[in-house]
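Reproduced below: model29.cif, with mmCIF, C-alpha atoms.
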data_start
loop_
_atom_site.label_atom_id
_atom_site.label_comp_id
_atom_site.auth_asym_id
_atom_site.auth_seq_id
_atom_site.Cartn_x
_atom_site.Cartn_y
_atom_site.Cartn_z
CA MET H 272 -15.22 17.99 -38.98
CA ARG H 273 -14.59 18.66 -42.63
CA THR H 274 -17.30 19.81 -44.98
CA SER H 275 -18.65 17.46 -47.63
CA THR H 276 -16.88 19.54 -50.29
CA GLU H 277 -13.53 19.04 -48.54
CA MET H 278 -14.27 15.33 -48.25
CA ALA H 279 -15.19 15.22 -51.93
CA THR H 280 -11.89 16.79 -52.88
CA PHE H 281 -10.05 14.27 -50.74
CA ALA H 282 -12.07 11.25 -51.82
CA GLY H 283 -12.49 12.21 -55.48
CA ARG H 284 -16.26 11.81 -55.20
CA SER H 285 -19.26 14.10 -55.20
CA GLY H 286 -19.93 15.99 -51.98
CA ASN H 287 -22.95 13.83 -51.09
CA GLU H 288 -21.09 10.55 -51.66
CA ALA H 289 -18.10 11.73 -49.58
CA ALA H 290 -20.33 12.97 -46.76
CA ALA H 291 -22.12 9.61 -46.66
CA ILE H 292 -18.83 7.73 -46.38
CA ASP H 293 -17.63 10.09 -43.66
CA SER H 294 -20.81 9.97 -41.56
CA ARG H 295 -21.20 6.20 -41.93
CA ALA H 296 -17.65 5.59 -40.69
CA PHE H 297 -17.97 8.06 -37.81
CA GLY H 298 -21.31 6.49 -36.91
CA SER H 299 -19.52 3.14 -36.58
CA VAL H 300 -17.38 4.60 -33.79
CA GLU H 301 -20.43 5.90 -31.93
CA ALA H 302 -22.15 2.51 -32.27
CA MET H 303 -19.16 0.87 -30.56
CA ARG H 304 -19.49 3.01 -27.44
CA PRO H 305 -18.87 2.72 -24.63
CA ILE H 306 -15.43 1.48 -25.56
CA GLN H 307 -14.29 -0.51 -22.54
CA SER H 308 -10.56 -0.06 -22.04
CA PHE H 309 -8.12 0.12 -19.17
CA LEU H 310 -5.22 2.52 -19.74
CA SER H 311 -2.13 3.38 -17.73
CA LYS H 312 -1.41 7.09 -17.40
CA ARG H 313 1.50 6.60 -19.81
CA ASP H 314 -0.68 4.92 -22.46
CA PHE H 315 -3.42 7.54 -21.98
CA TRP H 316 -0.83 10.26 -22.63
CA HIS H 317 0.46 8.48 -25.76
CA LEU H 318 -3.08 8.18 -27.14
CA GLN H 319 -3.73 11.87 -26.46
CA GLU H 320 -0.61 12.78 -28.43
CA LEU H 321 -1.58 10.44 -31.26
CA ARG H 322 -5.10 11.89 -31.38
CA ARG H 323 -3.64 15.38 -31.75
CA GLU H 324 -1.35 14.20 -34.56
CA CYS H 325 -4.20 12.47 -36.39
CA ALA H 326 -6.56 15.44 -35.96
CA ALA H 327 -3.97 17.71 -37.58
CA ILE H 328 -3.82 15.56 -40.72
CA GLU H 329 -6.65 16.07 -43.17
CA GLY H 330 -7.57 13.19 -45.40
CA GLY H 331 -7.09 9.48 -45.42
CA VAL H 332 -8.06 7.49 -42.35
CA PHE H 333 -6.62 10.01 -39.90
CA PRO H 334 -9.86 11.86 -39.02
CA LEU H 335 -11.58 8.52 -38.35
CA LEU H 336 -8.63 7.26 -36.29
CA SER H 337 -8.68 10.53 -34.33
CA HIS H 338 -12.42 10.08 -33.68
CA LEU H 339 -11.86 6.49 -32.48
CA ILE H 340 -9.05 7.59 -30.16
CA ARG H 341 -11.17 10.44 -28.74
CA ALA H 342 -14.01 8.03 -27.95
CA LYS H 343 -11.59 5.53 -26.40
CA LEU H 344 -10.03 8.23 -24.19
CA GLN H 345 -13.43 9.50 -23.06
CA ASP H 346 -14.62 5.99 -22.12
CA ALA H 347 -11.35 4.65 -20.62
CA HIS H 348 -10.75 3.56 -17.06
CA ILE H 349 -7.38 4.97 -15.93
CA LEU H 350 -5.37 2.40 -13.99
CA ASN H 351 -3.27 3.13 -10.95
CA PRO H 352 0.24 1.59 -11.06
CA LYS H 353 -0.78 -1.40 -8.91
CA GLU H 354 -3.48 -2.34 -11.45
CA GLU H 355 -1.19 -2.05 -14.48
CA ALA H 356 0.65 -5.35 -14.26
CA GLY H 357 -0.91 -8.49 -15.58
CA ASN H 358 -3.75 -8.88 -18.00
CA VAL H 359 -4.02 -5.42 -19.67
CA ALA H 360 -2.36 -4.69 -23.02
CA ALA H 361 0.00 -1.73 -22.74
CA LEU H 362 2.72 -0.19 -24.89
CA GLY H 363 5.59 -2.65 -25.04
CA SER H 364 3.33 -5.65 -24.35
CA ARG H 365 3.64 -8.76 -26.45
CA VAL H 366 -0.01 -9.56 -27.25
CA THR H 367 -1.66 -12.61 -28.75
CA TYR H 368 -4.90 -11.76 -30.54
CA SER H 369 -7.41 -13.21 -32.97
CA ILE H 370 -9.46 -11.38 -35.60
CA ARG H 371 -12.75 -13.04 -36.64
CA GLY H 372 -11.80 -16.19 -34.74
CA THR H 373 -8.79 -16.88 -36.96
CA ALA H 374 -5.57 -18.48 -35.71
CA PRO H 375 -4.05 -16.28 -32.96
CA GLN H 376 -1.09 -14.06 -33.84
CA SER H 377 1.49 -12.58 -31.45
CA ARG H 378 3.01 -9.14 -31.89
CA THR H 379 4.40 -6.30 -29.74
CA LEU H 380 2.49 -3.01 -29.29
CA PHE H 381 4.78 -0.06 -29.92
CA ASP H 382 4.81 3.67 -30.47
CA HIS H 383 8.30 4.66 -31.66
CA GLY H 384 11.59 2.92 -32.21
CA PHE H 385 10.32 -0.50 -33.31
CA ALA H 386 10.41 -1.67 -36.89
CA HIS H 387 7.40 -3.33 -38.57
CA ASP H 388 9.61 -6.21 -39.68
CA GLN H 389 10.31 -6.97 -36.00
CA GLY H 390 6.74 -8.19 -35.58
CA GLY H 391 5.25 -5.09 -34.05
CA ILE H 392 1.87 -3.37 -34.13
CA PRO H 393 2.10 0.42 -34.15
CA ILE H 394 -0.53 2.17 -32.05
CA LYS H 395 -0.92 4.46 -35.06
CA THR H 396 -3.24 1.84 -36.59
CA PHE H 397 -6.83 0.80 -35.90
CA LEU H 398 -5.54 -2.54 -34.61
CA GLY H 399 -2.97 -0.92 -32.30
CA VAL H 400 -5.43 1.62 -30.88
CA THR H 401 -8.02 -1.09 -30.30
CA LEU H 402 -5.65 -3.56 -28.62
CA LEU H 403 -4.18 -0.94 -26.28
CA GLY H 404 -6.05 -1.15 -22.98
CA MET H 405 -7.82 -4.45 -23.67
CA LYS H 406 -7.93 -7.18 -21.02
CA VAL H 407 -7.11 -10.83 -21.72
CA GLY H 408 -10.28 -12.64 -22.82
CA GLN H 409 -12.00 -9.43 -23.92
CA THR H 410 -13.61 -9.32 -27.39
CA VAL H 411 -14.35 -5.93 -28.95
CA PRO H 412 -15.22 -4.58 -32.41
CA LEU H 413 -12.15 -3.77 -34.52
CA LEU H 414 -12.91 -0.77 -36.72
CA ASN H 415 -11.55 -0.76 -40.27
CA ALA H 416 -10.81 2.25 -42.45
CA SER H 417 -14.07 1.60 -44.33
CA GLY H 418 -16.07 2.03 -41.13
CA THR H 419 -16.96 -1.66 -40.83
CA THR H 420 -16.09 -3.74 -37.78
CA GLU H 421 -15.05 -7.30 -37.07
CA PRO H 422 -14.52 -9.09 -33.75
CA LEU H 423 -11.08 -8.81 -32.12
CA GLU H 424 -10.19 -10.97 -29.12
CA LEU H 425 -7.16 -10.50 -26.87
CA VAL H 426 -6.15 -14.10 -26.25
CA ALA H 427 -3.04 -13.63 -24.07
CA ILE H 428 -0.25 -11.30 -23.03
CA PRO H 429 2.85 -13.50 -23.06
CA TRP H 430 5.14 -10.66 -22.00
CA GLN H 431 4.89 -7.02 -20.94
CA LEU H 432 6.98 -4.24 -19.49
CA GLU H 433 6.90 -3.72 -15.77
CA ALA H 434 4.54 -1.00 -14.58
CA ARG H 435 6.13 2.41 -14.10
CA THR H 436 5.19 4.65 -11.21
#
In structure tokens, what does this structure look like?
Amino acid sequence: MRTSTEMATFAGRSGNEAAAIDSRAFGSVEAMRPIQSFLSKRDFWHLQELRRECAAIEGGVFPLLSHLIRAKLQDAHILNPKEEAGNVAALGSRVTYSIRGTAPQSRTLFDHGFAHDQGGIPIKTFLGVTLLGMKVGQTVPLLNASGTTEPLELVAIPWQLEART
């Protein structure tokens, strides 16, 4: 974890103000635990790689995203291939979700090779990381860059890739 002086340089605030922002946001992740998720081996691997990438980037939301991913990986249930099909959001799944009970939206979870304008949600976002591994009907806290949360519900999975063995 960075020192408060490093955070201050990044945030443009005094060391104490930056440390408070940092600890408050990281505390939000801990308050969300255990993070109930169900990941395929493939999705678990992708999240591990993403966590490493985020941990290597200092500043911005990346340390917080890395912390969220670490907690999700530690708490995850790893699915066997027979469990993967059906009601669990995975990379390549078309998911329908609702934030704060608003009208549901449908998008595709992706890692690489999918443009934002094609209606996708990159897993390199708080929304993508949170949706990955959710079950249909599950409601969980969606963490924002500020460290606050709001309810996220996975309404449906209209389409998903076939499970790989």
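When atom CA of Gly357 of chain H is paired with atom CA of Thr401 of chain H, their separation reads 17.9 Å.
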For this structure, which residues satisfy the selection - the PyMOL selection byres ((chain H and resi 308-319) around 6) - when it is evaluated on the file as given? I want them as JSON, numbers by chain. {"H": [307, 320, 321, 322, 347, 348, 349, 350, 404, 405]}
When the PyMOL selection byres ((chain H and resi 399) around 12) is applied to the structure above, which residues does it catch, written out as a ChimeraX atom specification? /H:314,317-318,321,336,339-340,360-366,368,378-382,391-398,400-405,413-415,423,425
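Between atom CA of Ser337 of chain H and atom CA of Cys325 of chain H lies a distance of 5.3 Å.
If you apply the PyMOL selection byres ((chain H and resi 418-422) around 7) to this structure, you end up with Arg295, Ala296, Ser299, Ile370, Arg371, Thr410, Val411, Pro412, Leu413, Leu414, Asn415, Ala416, Ser417, Leu423 and Glu424 of chain H.
Atom pair atom CA of Asp346 of chain H / atom CA of Val300 of chain H has a distance of 12.1 Å (rounded to one decimal).
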Looking at only C-alpha atoms, which of H:Ala427, H:Ala374, H:Leu432, H:Ile306 is the one that sits closest to Leu344 of chain H? H:Ile306
Take every atom of segment 428-431 of chain H listed in the file, pad by 8 Å on each side, and give me the axis-aligned box centre and edge lengths in Å, one decimal, as lines of an AutoDock Vina configuration file.
center_x = 2.4
center_y = -10.3
center_z = -22.0
size_x = 21.4
size_y = 22.5
size_z = 18.1
